[in-house]
Structures are given as structure tokens and as C-alpha cells.
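See structure below.
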Amino acid sequence: MRIVAVTACPTGVAHTYMAAEQLEQTARALGHSIKVETQGAMGIENELSQADVDAADAAIIAADISIEQPERFSRIRKIEVPVHAVLKDPGALFARL
Amino acid sequence: MARDCAFVCQLASGFHARPASALEQATRRFAAELTLHNERTGALANAKSVLGIVGLDIRHGDGCRIVCEGPDEYEAAEALTRFVTDELLRADAAMPPVPSSAALPLPRLLEQAHATVLRGSPVVRGIGHGGAMRVHGFVIPEPLVSARTDDPHAEWERLQDALRALDAQYEAELAVDGTGVAAEVLRAHQAIARDPALAEHLQRSVRQHQLGAAGAIVAAEANFAAMLAASESAPLRERALDVRDVCRQLFEAMYGANHASAPRPLTCDTVCIAENLTPREFLSLDRRFLQGLVLEHAAATSHTIVLARSFGVPTLSGVAGLRATVSDGDDVTVDADLGVLVTRGNAATRRYYAMERARIAGRRERLLRAAAKPAATSDGRIVEIGVNVATGAEAAAAVSAGADGIGLFRTELLFMHRGDAPSEDEQFEDYRRALAGAAGKPVIIRTLDIGGDKPIAYLRLPREENPFLGFRAVRMYARFEDVVRTQLRALVRASAFGNLKVMVPMVSRLDEAEYVRRLISEEQARCAAAGVAFDASMQVGAMVEVPSMAYQMAQFSRVFDFFSIGTNDLLQYFSAVDRGNQTVAHLHDPLSPAFLQLLRQIVDGAHAAGRWVGMCGELAGDAQALPLLVGLGLDELSMAASRVAETKAAVQSLGAAQCRALVATAIECATSRDVAAAVESFDGWRPVPLITPDLVVVDADCDSREEAIKAVVDRLYVTGRTDHPRDVEAAVWQREAVYSTAFGHGFAIPHCQSDALKANSLVILRTRQPVAWESLDGQPVSVLLLLAIRSAEHATAHLKILASLSRKLMHASTREQVLCEQDPAALCRYLMECVGE
């Protein structure tokens, strides 16, 4: 499966990146391909283009705050969760895809 | 016919005790009767009586008049007019600042300790712990108070004898130690004991009302205390304690000390609790055991508080409900940083305060370590850091606190408050004590700097219109050559006992310089002839206080071996501003570009002639100005002992080249506001790495999530990365409130962004036993990584590191390494490698 994801936590210092790393690790283990955009204190990194999103099968929005440019995900099947859900049980999250 | 001197009271806190005693001193030498009127209230009093003046309750803005009547009424009115316009405001030097008493929220740990806590105003900062002891002021026994006298004449004679004995006792105590805060208080008390209003009141009670001496003393105390208590001004109300003290002393002088119920002696660490305490009652407490002071009364400026501050006894005032809550022997803690008294401590409060003590001690040790090393900038420029002292006895403590020497020993105190000049031997002993205390480090002793503003009675100096521009310091040496020669001889003799340098104040002309050098050579020749040892290579230098000197540094350098800039006088003469004059004090501005240019001219001039140059004025200890002072190229800075360690640590984190660039920028600025802005945005501080081995703790004893968070934040305080640990902790908890940062596997990454930080930091703490935490996987936590960021805009590089570290923590191998590494330095190295720094 091709997955796109966005992570964004309140301070943008730690959890944004921990969640991103966790998503990448889990996807790899389950044999999915994934691209994760981080929205942290340093701004948007590894930004997802509209083409990236359109080419994907599903999106994961792991955010505790409202994310930048949410309109990119208006046409895709998506799961929205708080950041800590990714850290707590990534397996369960991917099972919902 | 009477003469008048009318004025408006400009004293911000009214006519309180100090200006009143200044006025009383100014009136004393006149024979005329002098009556002070308060035009607002219509009340009048004897202007030669401090209590009388104080009792008039003269406030800021009140119209006043002194009516002079008698043989020298003309001179009196003249002199007093000059006094109230020129000198009165100076007698109102600022009281030590009273820290704000706004109630801070209790720290989380203290809140959870469920301890009984009373709030108060912190008046002397610090934390003290011990057994509570209630101190009651002594009470004159009732039978003595109500006793009457059948021989009023003899009774009054006895009271007069007691007043004289008390005066002599104050005199004797002052002769033992005439310096410091305690002596100032003694002098204030002596003035009350000498006050004619007190004597008059006592006499009336005895002779008209047939009261016994004890009754008269109690009546006088009640009268003056009530008078002061009715005053609008808080400093005045607190003078009632001084009156009480003097009356108790008088009682003792009359009846002996055995009637007095003195406080019990302290035998172990004690926190004294009192409704109020007089200065003498305070001084009678054994300070080896006195850990704290708690006053029910809302005192802030009393002499008792001034004393407590000078001895560093943590003190709270205005604590309500003491009597109902605290009993003798209770285990209590005075926290005068937070403004609370913790009554009935428990295991939790004891743990909290053990952490607090460790935090404060850790910071102090770290500063002392910095002070033990030379103040060298990162590019190797060394600045000597000296201390200013007024007595030889202070030298040893200053040097053991890390000072590189004594940068200024003011000798005036040796000459003041006494009937004649100190002998050569007396001076020699004090200078030698300073040299012994300094243990081989340089001691710069300034020759006599007196004049119109620091009067010395036995020299009979003329009164001057403008003493600062008049007959003072080196300018009067020729007239008082015998006094000066005696001092120089004592200095020449002392020079054999250490590294002594002599410094001459207020030099403005070359002939003055040559004159003093000649006197020194002559005294050295006399010592040589008499076979007395001395140091022939003793350096002689000059204070740079008169701006004209800046233009002749080359010429003065032929006479003097070194220079030290006295910024207070130099700036006052340079900018034509008397900073004691409140209407122009704001113009006294050491950061003005013009003054910086003058300083640069002096330093460059001295260096061009091969002389070293230091600074011993107030500016030398100013933390904000430090990069400028280093940039100017000053070789030495001399300051209050309390500033030494921090200044040394600060110099060690500066780059001299960047400081020089800052000075070049500052001198081109248009205003001092621009200078301040340039200093504010100065970036010549040595970059502080995100993590250093002293931010790694591998074996912390923590019981709870709260303790663990306090422990990581306290590390930032100990290492000097924040001065406000409570603010940082609050920011961390604010983040924890959103959701727990314990992400599982026994790890937590508390983090915050706060202006209270001085540098972006990463702290690692491993707890001895896992602590409960609302973690995502329900497991307790044994590793904390605190990510503390100053502000996101200036931290991109550090944010990248933290992001990369956060990702790494998702890997079991990283967590394994962090959990197992025993050596803090290795753990620090591993983390830095791990994030590629």
C-alpha cells in the first residue's frame, strides 16, 4: 500500500519527529511504502505535494493541532488520530487502513 | 529678632530618622534656639531633637520653617538654608530595596506535601531550617513601673547618670567596631539617647509626676512610640523599635541587667519567631544557630531587618497567624525566596528542601570553581578581578572567595568617627592585616580621600559651597602634611609585608603627582636610614577621577606606575551631574557614547605609555557593561566581593575580539539607548553547546514524576543555564498537561520553550528507581531527556538535533545504550554522536 502521513504536535520539538519515525518503521515492517511530512517548530519538512497525495491509497493525519494545508487531503481516504496514538500502538493504527 | 529658614520637604519618604539626625547634627553647633514648624499641621518641635523632628510627621511636599532665635541666629539661618537646599536630600540615601511580596504559586512538590504553609513578605532572601523558638521582647517588671519616688531630685540625678553611662557604653561599643551596619545602628541609638526631647520627657515624669525612673522610662517609650506609630511613613513607624531598644538599654543602665528577661540562648539550629524584634534583641541571638527570622509585624525597613540582611539571615515579615500555628520546638522552614513559612515539616517537605539546598549549593560551588580560575576570555585575554574594601580585615574573605587581589582599600574609615587621626602604628597594623589576608596578591591602598562631603571633625575643614569641586583629597595634602606623611610612612613600612601598591585620589595636575611621589621617596629614605624594611619597588598609581587627566596620560605615566578609574566621580565631573540630586540623577549615565569615548582615551593613553589601568568605580561590577569594559582593554576590575565569582565566570565566556568590536560600535552610537541595544544584541558570548557532561545525571534519587522534573530543571540552574528554575518548571508542566511526554519503554521527554533559559539545553537524567508517570504504555519511567529551547527563531540548528534525537529514540538500540551507559561523559559523547553533533 502507498501511504502519506502528516505529524504535528503542540511544541513541534519532539513528538512530531518521534511519530514520523514510528510511522516509517512500522510501514517498512508491514511492507508498505510511506512518505511522512512533519509540521514542527522548524516548519514543514518533507512536504507532500498534491501529486504525492493523489498517488497514495490512504493518509494518516497524526496531529494534536490543526495542520497546515488540510485541503490536500480532501479527496483521499484518511485516518485522523492524536500523535500519541502512533506511539502507543502503531500496529493497531495500521490495522485500520 | 528672630530669623527664618523656610523650605518645602523634598524627601520622598518624609522626614524620617536619618534626615532628622542629619538636621540635628547641622543645628547642634548653634547656641540659638531653633524651632522647626510643620506648616501643614501647625505642629512645632525643637530642631536639635531627632525625636522632636521625627514627631512632626513631615511628609513629602510639606511646607516647613525653622525659626532661629538667639545670639548666632543669623549664622544659624544662613547655614540651615544652605543645609536644606544642598545636603538634606543626600541624607536620604535609598533604603535597600524591599523584594516584591507578590504571592508566588507554591511549587507542585510543596503543594502535594500537604504541609501547613503561612505566607509572608520575603525581606531577606534565602532558605533556613530549624526548630521554632518564640522570642518575646523583654518586659520591665510591673512593680518597678508603678513605683513612685519621694525624692524626685535625686531620682532625676540617677536617671541622668544612667543616660550618661548609656552614652559612654555606645561610645565604647563603637570604639571596638566603628564600621558596618551594626555600628550605624548603634550611632542612631546613641543619637536617641542624647536627644533633648527624651531627657525632657524623663525629667517631667520624675519631677512633676513623681514617677520612679522605671516608670519614667516606660512613659517616655510609650509616648515616642505612639508618636512614631501615628506617622504616615512606614520607615518612621519602624523607628519605634529603636526607641524601645534605647529605653530598655537605659533601664538596664539604671537597674542592672538582672531584671531583664533576655531571650534564651540558642543551642541548635533555630528559626526565631517574634511579633517584632528590636535591633539589640536581634544582635543578642547567637548567629551560629540562627537559621531564620519570622516577624508577625509587617516590617521592611527597620534596623532589625537591615541587620538581618547584612548577616544574611533569611527573613520573612508580615506573617499572620503565627501564634495560633507555631509552637516552640516545631520543625519549621523559612523559605524567603518563595515567601512562605512551612510549619510542621513532614517527610515530603524535607525531601523538597533537601533538593532546594542541593540546587543552591550546586550553583554556588560551580561559581566558586569559576572564581578559582583566572578571568580569561576565550581568546586568552586576562582581566584581574579585585575587590573593594574599607578595612584590612575584609581582605582574607575577599581573596578566599576568588578575588585576584584588593583593587581598592579605602582608608577613610580609619580616620572617621573618632577624636583624632589614627597613629602610624595603628594604620600600619591595619594595612599589614590586609596584606596578610591577601596572601601575596596585590593590595591597592588609596591614600586619604576626604573633604567637604566627608567631614572629619579634628581636621577642622572649612565648610564649602561646593565640596565636590573644592578642597578635598590630594588638594589638601600640603595643608595636612603631617597627617599625610604619617599615613605614607605606615604604608612604606607595610610594603615589606606583601604586594602593596599605593594609589592617590583626585589627582588633576602634574605638580600634585610629583609632590606625593616626593613625600613617598622621602619617607622611604627615612626608613632606609633607620634600617626599617620596605619594598623599594612599590608601585604608586593614581585614581582617574578628574576628566582633564585623560588628555595628559603620557605625562602622568612618567610619574605613576598604574591608574584606576573611579567612575562615579569621573562621570559626575565629566557630565556635570550630581547623582545625589534626584531631579538630574537620570542624567548620570555611564553608558553614554561620550563617556565610553573618554574611557577609551584613558585606557589607550595609559597603554601607549606602558602603564596598566583598572577600574574601581561602581561601573566595574556592572554585569550589563562587562563586554564593554573587556572591550575597552581594562587590565583590572575591582568591585564588591559578592560580584567577583559571577564576573569571573562571565569574563570566561566572552571573546575579547568581539568585545573590542562592540566598543567600536558603541562609541559610534548617538545615544546611550543605542549603546544599551548594541550590548543587548551582543553575540560575543562563547557559544554554549546543547549538551555538556554536567547535564548528564546517571543516578538520581527521585521518588516521583514531580521530583524527577524538578531535578532535571534544577540541573539547568546549577549549570547557569537559567536563573529562574520555577518559570522553566512551570513551562515543562504546562506541556505535560497537554499529554504525558512519557512515550513508553521507560522513557520520558519533558520539554519546553521558555525565555527564562539562557541557552538551549538537553538534560539527561536516569533515576535510581523507576518513577510512576502517566506513560503511554503504563510503564514507570527511569530515563528523562529534558529538551529546553529558548526561542524557536534562533534555534534552528538545535531544533534539528532534537528532531533527530527524537527519531533515534524510536529505535530500541538507542534506548538500550542510553539505559546502560554508566559514565556520564561517555553518555554525553554517545548522544552527541547519535545526533551528529
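Going through the C-alpha cells in order, the chains are called A, B, and so on, while each chain numbers its residues from 1 and the ligands are numbered from 1 in the order shown.
Excluding stretch 13-26 of chain A itself and same-chain residues fewer than 3 positions from it, the residues having an atom within 7 Å of it are Thr7, Ala8, Cys9, Ala29, Leu30, Ile34, Val36, Thr38, Gly40, Ala41, Val83, Val86, Leu87 and Pro90 of chain A; Leu799, Leu802, Ala803, Ser806, Arg807 and Met810 of chain B, counting only C-alpha atoms.
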Restricting the output to C-alpha atoms, write the selected residues as a PDB file, in the first residue's frame.
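Below is the file selection34.pdb, written as the result:
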```pdb
ATOM      1  CA  THR A   7       2.617  14.592  12.013  1.00  0.00           C
ATOM      2  CA  ALA A   8       2.191  17.735  14.159  1.00  0.00           C
ATOM      3  CA  CYS A   9       2.429  18.060  17.947  1.00  0.00           C
ATOM      4  CA  ALA A  29       7.934  -3.661   8.744  1.00  0.00           C
ATOM      5  CA  LEU A  30       4.477  -4.220   7.243  1.00  0.00           C
ATOM      6  CA  ILE A  34       5.183   5.735   3.128  1.00  0.00           C
ATOM      7  CA  VAL A  36       5.692  11.431   6.146  1.00  0.00           C
ATOM      8  CA  THR A  38       6.456  16.828   9.592  1.00  0.00           C
ATOM      9  CA  GLY A  40       7.109  21.145  13.669  1.00  0.00           C
ATOM     10  CA  ALA A  41       8.933  24.110  15.146  1.00  0.00           C
ATOM     11  CA  VAL A  83       0.060  11.957  17.893  1.00  0.00           C
ATOM     12  CA  VAL A  86       1.037   6.487  16.812  1.00  0.00           C
ATOM     13  CA  LEU A  87       3.495   5.995  19.628  1.00  0.00           C
ATOM     14  CA  PRO A  90       1.188   1.737  15.702  1.00  0.00           C
TER      15      PRO A  90
ATOM     16  CA  LEU B 799      15.876  22.014  16.786  1.00  0.00           C
ATOM     17  CA  LEU B 802      16.374  17.467  18.891  1.00  0.00           C
ATOM     18  CA  ALA B 803      14.286  16.248  15.964  1.00  0.00           C
ATOM     19  CA  SER B 806      13.570  12.157  18.923  1.00  0.00           C
ATOM     20  CA  ARG B 807      13.648   9.921  15.871  1.00  0.00           C
ATOM     21  CA  MET B 810      12.207   5.269  18.461  1.00  0.00           C
TER      22      MET B 810
END
```
Every residue of chain A that DSSP places in alpha helix (DSSP H), as number ranges by chain: A: 15-30, 50-55, 83-88, 90-95
Would you save the residues from that selection as an mmCIF file, in the first residue's frame, using N, CA and C atoms?
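Written out: out_13.cif:
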```cif
data_model
loop_
_atom_site.group_PDB
_atom_site.id
_atom_site.type_symbol
_atom_site.label_atom_id
_atom_site.label_comp_id
_atom_site.auth_asym_id
_atom_site.auth_seq_id
_atom_site.Cartn_x
_atom_site.Cartn_y
_atom_site.Cartn_z
ATOM 1 N N HIS A 15 7.651 15.173 19.637
ATOM 2 C CA HIS A 15 6.682 14.134 19.252
ATOM 3 C C HIS A 15 6.409 14.082 17.755
ATOM 4 N N THR A 16 6.444 15.217 17.095
ATOM 5 C CA THR A 16 6.242 15.263 15.652
ATOM 6 C C THR A 16 7.206 14.289 14.965
ATOM 7 N N TYR A 17 8.451 14.323 15.425
ATOM 8 C CA TYR A 17 9.501 13.530 14.763
ATOM 9 C C TYR A 17 9.494 12.080 15.232
ATOM 10 N N MET A 18 9.152 11.910 16.531
ATOM 11 C CA MET A 18 9.049 10.542 17.031
ATOM 12 C C MET A 18 7.956 9.801 16.284
ATOM 13 N N ALA A 19 6.821 10.490 16.092
ATOM 14 C CA ALA A 19 5.701 9.843 15.407
ATOM 15 C C ALA A 19 6.069 9.541 13.955
ATOM 16 N N ALA A 20 6.768 10.488 13.338
ATOM 17 C CA ALA A 20 7.165 10.287 11.945
ATOM 18 C C ALA A 20 8.050 9.045 11.832
ATOM 19 N N GLU A 21 9.011 8.965 12.740
ATOM 20 C CA GLU A 21 9.935 7.824 12.729
ATOM 21 C C GLU A 21 9.174 6.512 12.941
ATOM 22 N N GLN A 22 8.233 6.552 13.887
ATOM 23 C CA GLN A 22 7.467 5.356 14.218
ATOM 24 C C GLN A 22 6.624 4.890 13.017
ATOM 25 N N LEU A 23 6.009 5.872 12.335
ATOM 26 C CA LEU A 23 5.201 5.531 11.161
ATOM 27 C C LEU A 23 6.064 4.880 10.087
ATOM 28 N N GLU A 24 7.245 5.461 9.874
ATOM 29 C CA GLU A 24 8.134 4.926 8.835
ATOM 30 C C GLU A 24 8.590 3.508 9.182
ATOM 31 N N GLN A 25 8.979 3.329 10.450
ATOM 32 C CA GLN A 25 9.431 1.994 10.883
ATOM 33 C C GLN A 25 8.341 0.952 10.694
ATOM 34 N N THR A 26 7.133 1.296 11.162
ATOM 35 C CA THR A 26 6.033 0.332 11.132
ATOM 36 C C THR A 26 5.650 0.001 9.692
ATOM 37 N N ALA A 27 5.567 1.039 8.854
ATOM 38 C CA ALA A 27 5.197 0.818 7.458
ATOM 39 C C ALA A 27 6.188 -0.127 6.781
ATOM 40 N N ARG A 28 7.465 0.146 7.050
ATOM 41 C CA ARG A 28 8.512 -0.685 6.455
ATOM 42 C C ARG A 28 8.337 -2.137 6.896
ATOM 43 N N ALA A 29 8.076 -2.306 8.205
ATOM 44 C CA ALA A 29 7.934 -3.661 8.744
ATOM 45 C C ALA A 29 6.740 -4.371 8.112
ATOM 46 N N LEU A 30 5.683 -3.603 7.793
ATOM 47 C CA LEU A 30 4.477 -4.220 7.243
ATOM 48 C C LEU A 30 4.513 -4.280 5.712
ATOM 49 N N GLN A 50 0.511 17.773 -3.903
ATOM 50 C CA GLN A 50 -0.809 17.243 -4.223
ATOM 51 C C GLN A 50 -0.655 15.934 -4.995
ATOM 52 N N ALA A 51 0.375 15.845 -5.863
ATOM 53 C CA ALA A 51 0.616 14.621 -6.650
ATOM 54 C C ALA A 51 0.948 13.448 -5.737
ATOM 55 N N ASP A 52 1.766 13.688 -4.683
ATOM 56 C CA ASP A 52 2.079 12.634 -3.712
ATOM 57 C C ASP A 52 0.791 12.080 -3.111
ATOM 58 N N VAL A 53 -0.090 13.015 -2.731
ATOM 59 C CA VAL A 53 -1.317 12.604 -2.050
ATOM 60 C C VAL A 53 -2.217 11.840 -3.033
ATOM 61 N N ASP A 54 -2.331 12.391 -4.230
ATOM 62 C CA ASP A 54 -3.227 11.766 -5.207
ATOM 63 C C ASP A 54 -2.777 10.363 -5.572
ATOM 64 N N ALA A 55 -1.457 10.124 -5.545
ATOM 65 C CA ALA A 55 -0.935 8.807 -5.922
ATOM 66 C C ALA A 55 -1.053 7.784 -4.808
ATOM 67 N N VAL A 83 -1.311 12.425 18.113
ATOM 68 C CA VAL A 83 0.060 11.957 17.893
ATOM 69 C C VAL A 83 0.381 10.741 18.761
ATOM 70 N N HIS A 84 -0.082 10.774 20.012
ATOM 71 C CA HIS A 84 0.358 9.696 20.902
ATOM 72 C C HIS A 84 -0.225 8.334 20.513
ATOM 73 N N ALA A 85 -1.295 8.336 19.705
ATOM 74 C CA ALA A 85 -1.839 7.054 19.244
ATOM 75 C C ALA A 85 -0.812 6.317 18.392
ATOM 76 N N VAL A 86 -0.005 7.094 17.654
ATOM 77 C CA VAL A 86 1.037 6.487 16.812
ATOM 78 C C VAL A 86 2.097 5.829 17.689
ATOM 79 N N LEU A 87 2.434 6.511 18.772
ATOM 80 C CA LEU A 87 3.495 5.995 19.628
ATOM 81 C C LEU A 87 3.007 4.823 20.461
ATOM 82 N N LYS A 88 1.734 4.893 20.846
ATOM 83 C CA LYS A 88 1.201 3.905 21.762
ATOM 84 C C LYS A 88 1.024 2.553 21.095
ATOM 85 N N PRO A 90 1.183 1.513 17.161
ATOM 86 C CA PRO A 90 1.188 1.737 15.702
ATOM 87 C C PRO A 90 0.555 0.576 14.941
ATOM 88 N N GLY A 91 0.703 -0.640 15.476
ATOM 89 C CA GLY A 91 0.133 -1.805 14.793
ATOM 90 C C GLY A 91 -1.376 -1.665 14.633
ATOM 91 N N ALA A 92 -2.043 -1.248 15.718
ATOM 92 C CA ALA A 92 -3.496 -1.095 15.700
ATOM 93 C C ALA A 92 -3.917 -0.034 14.700
ATOM 94 N N LEU A 93 -3.106 1.018 14.614
ATOM 95 C CA LEU A 93 -3.415 2.113 13.691
ATOM 96 C C LEU A 93 -3.366 1.613 12.236
ATOM 97 N N PHE A 94 -2.291 0.875 11.908
ATOM 98 C CA PHE A 94 -2.168 0.380 10.533
ATOM 99 C C PHE A 94 -3.234 -0.654 10.216
ATOM 100 N N ALA A 95 -3.705 -1.354 11.246
ATOM 101 C CA ALA A 95 -4.750 -2.361 11.028
ATOM 102 C C ALA A 95 -6.043 -1.711 10.548
#
```
- request: Compare A:Thr11, A:Arg72, A:Met1, A:Gln39 by their minimum atom-to-atom distance to A:Ala58, counting only C-alpha atoms, and give me the closest one.
  value: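 The closest residue to A:Ala58 is A:Met1.
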So which residues touch B:Pro196 within 12 Å, counting only C-alpha atoms, skipping near sequence neighbours fewer than 2 positions away, as a JSON list (two decimals) with N, CA and C atoms, in the first residue's frame?
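And here's selection_24.json as it stands now:
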```
[["chain", "number", "residue", "atom", "x", "y", "z"],
["B", 24, "GLU", "N", 19.66, 67.43, 62.87],
["B", 24, "GLU", "CA", 20.05, 67.61, 64.27],
["B", 24, "GLU", "C", 21.55, 67.90, 64.36],
["B", 28, "ARG", "N", 23.36, 71.46, 65.85],
["B", 28, "ARG", "CA", 23.97, 71.30, 67.17],
["B", 28, "ARG", "C", 24.95, 72.41, 67.54],
["B", 45, "ALA", "N", 8.56, 71.79, 66.90],
["B", 45, "ALA", "CA", 9.43, 70.99, 67.76],
["B", 45, "ALA", "C", 10.83, 71.58, 67.76],
["B", 46, "ASN", "N", 11.60, 71.20, 68.76],
["B", 46, "ASN", "CA", 12.99, 71.59, 68.87],
["B", 46, "ASN", "C", 13.78, 70.96, 67.71],
["B", 47, "ALA", "N", 14.44, 71.78, 66.88],
["B", 47, "ALA", "CA", 15.16, 71.25, 65.72],
["B", 47, "ALA", "C", 16.48, 70.60, 66.12],
["B", 48, "LYS", "N", 16.82, 70.64, 67.42],
["B", 48, "LYS", "CA", 18.03, 69.95, 67.87],
["B", 48, "LYS", "C", 17.67, 68.57, 68.43],
["B", 49, "SER", "N", 16.42, 68.16, 68.25],
["B", 49, "SER", "CA", 15.98, 66.87, 68.78],
["B", 49, "SER", "C", 15.48, 65.97, 67.65],
["B", 50, "VAL", "N", 16.15, 64.84, 67.45],
["B", 50, "VAL", "CA", 15.73, 63.92, 66.39],
["B", 50, "VAL", "C", 14.29, 63.46, 66.63],
["B", 51, "LEU", "N", 14.00, 63.10, 67.87],
["B", 51, "LEU", "CA", 12.65, 62.60, 68.18],
["B", 51, "LEU", "C", 11.62, 63.70, 67.95],
["B", 52, "GLY", "N", 12.02, 64.93, 68.31],
["B", 52, "GLY", "CA", 11.13, 66.07, 68.10],
["B", 52, "GLY", "C", 10.85, 66.25, 66.61],
["B", 53, "ILE", "N", 11.90, 66.22, 65.79],
["B", 53, "ILE", "CA", 11.75, 66.42, 64.34],
["B", 53, "ILE", "C", 10.88, 65.32, 63.75],
["B", 160, "GLN", "N", 19.91, 60.80, 85.06],
["B", 160, "GLN", "CA", 20.89, 61.50, 84.23],
["B", 160, "GLN", "C", 22.21, 60.72, 84.19],
["B", 163, "LEU", "N", 21.75, 57.94, 81.82],
["B", 163, "LEU", "CA", 21.83, 58.41, 80.43],
["B", 163, "LEU", "C", 23.28, 58.59, 80.01],
["B", 191, "ALA", "N", 22.22, 58.62, 69.15],
["B", 191, "ALA", "CA", 21.56, 59.91, 68.91],
["B", 191, "ALA", "C", 20.25, 59.99, 69.69],
["B", 192, "ILE", "N", 19.50, 58.89, 69.75],
["B", 192, "ILE", "CA", 18.24, 58.90, 70.51],
["B", 192, "ILE", "C", 18.55, 59.10, 71.99],
["B", 193, "ALA", "N", 19.58, 58.40, 72.49],
["B", 193, "ALA", "CA", 19.92, 58.52, 73.91],
["B", 193, "ALA", "C", 20.35, 59.94, 74.27],
["B", 194, "ARG", "N", 20.91, 60.63, 73.29],
["B", 194, "ARG", "CA", 21.37, 62.01, 73.54],
["B", 194, "ARG", "C", 20.28, 63.04, 73.28],
["B", 198, "LEU", "N", 14.01, 63.36, 74.69],
["B", 198, "LEU", "CA", 13.92, 62.20, 75.58],
["B", 198, "LEU", "C", 14.22, 62.63, 77.02],
["B", 199, "ALA", "N", 15.32, 63.40, 77.19],
["B", 199, "ALA", "CA", 15.69, 63.86, 78.53],
["B", 199, "ALA", "C", 14.58, 64.71, 79.14],
["B", 200, "GLU", "N", 14.02, 65.60, 78.31],
["B", 200, "GLU", "CA", 12.94, 66.47, 78.82],
["B", 200, "GLU", "C", 11.76, 65.65, 79.31],
["B", 201, "HIS", "N", 11.38, 64.64, 78.51],
["B", 201, "HIS", "CA", 10.22, 63.83, 78.87],
["B", 201, "HIS", "C", 10.47, 63.07, 80.16],
["B", 202, "LEU", "N", 11.68, 62.51, 80.29],
["B", 202, "LEU", "CA", 12.03, 61.77, 81.50],
["B", 202, "LEU", "C", 11.99, 62.70, 82.71],
["B", 203, "GLN", "N", 12.56, 63.87, 82.53],
["B", 203, "GLN", "CA", 12.64, 64.82, 83.65],
["B", 203, "GLN", "C", 11.25, 65.22, 84.12]]
```
Once you count only C-alpha atoms, what closest atom pair and distance in Å to one decimal does each residue of chain B within 10 Å of chain A have, with rows by chain and rising residue number, as a tab-separated table?
```
residue	atom	partner	partner_atom	distance
B:Arg735	CA	A:Thr11	CA	8.1
B:Val738	CA	A:Pro10	CA	8.1
B:Tyr739	CA	A:His84	CA	8.4
B:Ser740	CA	A:His84	CA	9.0
B:Thr741	CA	A:His15	CA	8.4
B:Ala742	CA	A:His84	CA	9.9
B:Phe743	CA	A:Leu87	CA	6.6
B:Gly744	CA	A:Lys88	CA	7.5
B:Ile749	CA	A:Ala14	CA	7.8
B:Pro750	CA	A:Ala14	CA	9.3
B:His751	CA	A:Val13	CA	7.9
B:Cys752	CA	A:Thr11	CA	7.6
B:Gln753	CA	A:Thr11	CA	7.9
B:Ser775	CA	A:Lys88	CA	9.3
B:Leu776	CA	A:Lys88	CA	5.6
B:Asp777	CA	A:Lys88	CA	6.4
B:Gly778	CA	A:Lys88	CA	9.9
B:Leu787	CA	A:Val13	CA	8.1
B:Ala788	CA	A:Val13	CA	9.4
B:Ile789	CA	A:Val13	CA	8.8
B:Ser791	CA	A:Ala41	CA	9.9
B:Ala792	CA	A:Ala41	CA	6.5
B:Glu793	CA	A:Met42	CA	8.6
B:Ala795	CA	A:Met42	CA	8.9
B:Thr796	CA	A:Met42	CA	6.5
B:Ala797	CA	A:Met42	CA	9.5
B:His798	CA	A:Val13	CA	9.9
B:Leu799	CA	A:Val13	CA	6.6
B:Lys800	CA	A:Met42	CA	7.8
B:Ile801	CA	A:Val13	CA	9.8
B:Leu802	CA	A:Ala14	CA	6.7
B:Ala803	CA	A:Tyr17	CA	5.6
B:Ser804	CA	A:Tyr17	CA	7.5
B:Leu805	CA	A:Ala14	CA	8.2
B:Ser806	CA	A:Met18	CA	5.2
B:Arg807	CA	A:Met18	CA	4.8
B:Lys808	CA	A:Met18	CA	8.0
B:Leu809	CA	A:Met18	CA	7.4
B:Met810	CA	A:Met18	CA	6.3
B:His811	CA	A:Gln22	CA	8.8
```
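Shortest atom-to-atom contact with B:Arg344 among B:Thr325, B:Gln112, B:Gln190, B:Gln208: B:Thr325, counting only C-alpha atoms.
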Exercise: B:Val306 partners within 10 Å, only C-alpha atoms, chain neighbours under 2 positions left out, as a CSV table (one decimal) with N, CA and C atoms, in the first residue's frame:
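Final file, selection.csv:
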```csv
chain,number,residue,atom,x,y,z
B,95,MET,N,16.9,53.4,50.7
B,95,MET,CA,16.9,52.2,51.6
B,95,MET,C,17.1,51.0,50.7
B,96,PRO,N,17.7,50.0,51.3
B,96,PRO,CA,17.9,48.7,50.5
B,96,PRO,C,16.5,48.3,49.9
B,123,VAL,N,11.8,39.5,53.2
B,123,VAL,CA,12.6,40.7,53.3
B,123,VAL,C,14.1,40.5,53.2
B,124,VAL,N,14.5,39.3,53.6
B,124,VAL,CA,15.9,38.9,53.3
B,124,VAL,C,15.9,37.5,52.7
B,181,VAL,N,27.1,47.9,59.3
B,181,VAL,CA,25.7,48.2,59.6
B,181,VAL,C,25.5,48.3,61.1
B,182,ALA,N,26.0,47.3,61.9
B,182,ALA,CA,25.8,47.3,63.3
B,182,ALA,C,26.2,48.7,63.9
B,185,VAL,N,23.7,51.4,63.2
B,185,VAL,CA,22.5,51.3,64.1
B,185,VAL,C,22.9,51.8,65.5
B,279,PRO,N,16.6,45.9,67.4
B,279,PRO,CA,17.9,45.6,66.8
B,279,PRO,C,18.8,44.9,67.9
B,300,ALA,N,9.7,46.3,57.0
B,300,ALA,CA,10.5,46.1,55.8
B,300,ALA,C,11.8,46.9,55.9
B,301,THR,N,11.8,48.0,56.6
B,301,THR,CA,12.9,48.9,56.6
B,301,THR,C,13.5,49.1,58.0
B,302,SER,N,13.1,48.3,59.0
B,302,SER,CA,13.5,48.6,60.3
B,302,SER,C,15.0,48.2,60.4
B,303,HIS,N,15.7,48.8,61.5
B,303,HIS,CA,17.1,48.5,61.6
B,303,HIS,C,17.3,47.0,61.9
B,304,THR,N,16.3,46.3,62.5
B,304,THR,CA,16.5,44.9,62.7
B,304,THR,C,16.6,44.2,61.3
B,308,ALA,N,19.6,42.0,59.8
B,308,ALA,CA,19.4,40.6,59.3
B,308,ALA,C,19.9,40.5,57.9
B,309,ARG,N,19.7,41.5,57.1
B,309,ARG,CA,20.2,41.5,55.7
B,309,ARG,C,21.7,41.4,55.7
B,310,SER,N,22.4,42.3,56.5
B,310,SER,CA,23.8,42.3,56.5
B,310,SER,C,24.4,41.0,57.0
B,311,PHE,N,23.7,40.2,57.8
B,311,PHE,CA,24.2,38.9,58.2
B,311,PHE,C,23.7,37.8,57.4
B,312,GLY,N,22.8,38.1,56.4
B,312,GLY,CA,22.3,37.1,55.5
B,312,GLY,C,21.4,36.1,56.2
```
message: I'd like the neighbourhood of B:Arg446 as JSON, numbers by chain, where a residue qualifies if any of its atoms comes within 7 Å (using only C-alpha atoms), though same-chain residues fewer than 6 positions away should be ignored.
response: {"B": [408, 409, 410, 411, 502, 503, 504, 505]}
Based on the selection just made, write C-alpha atoms of those residues as a JSON list (two decimals), in the first residue's frame.
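result.json was written with the following content:
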```json
[["chain", "number", "residue", "atom", "x", "y", "z"],
["B", 408, "LEU", "CA", 40.74, 49.44, 46.27],
["B", 409, "PHE", "CA", 41.25, 49.75, 50.02],
["B", 410, "ARG", "CA", 39.57, 52.99, 51.08],
["B", 411, "THR", "CA", 41.37, 54.24, 54.17],
["B", 502, "VAL", "CA", 49.68, 52.97, 46.81],
["B", 503, "MET", "CA", 47.05, 54.98, 44.96],
["B", 504, "VAL", "CA", 46.47, 58.75, 45.13],
["B", 505, "PRO", "CA", 42.91, 60.15, 44.79]]
```
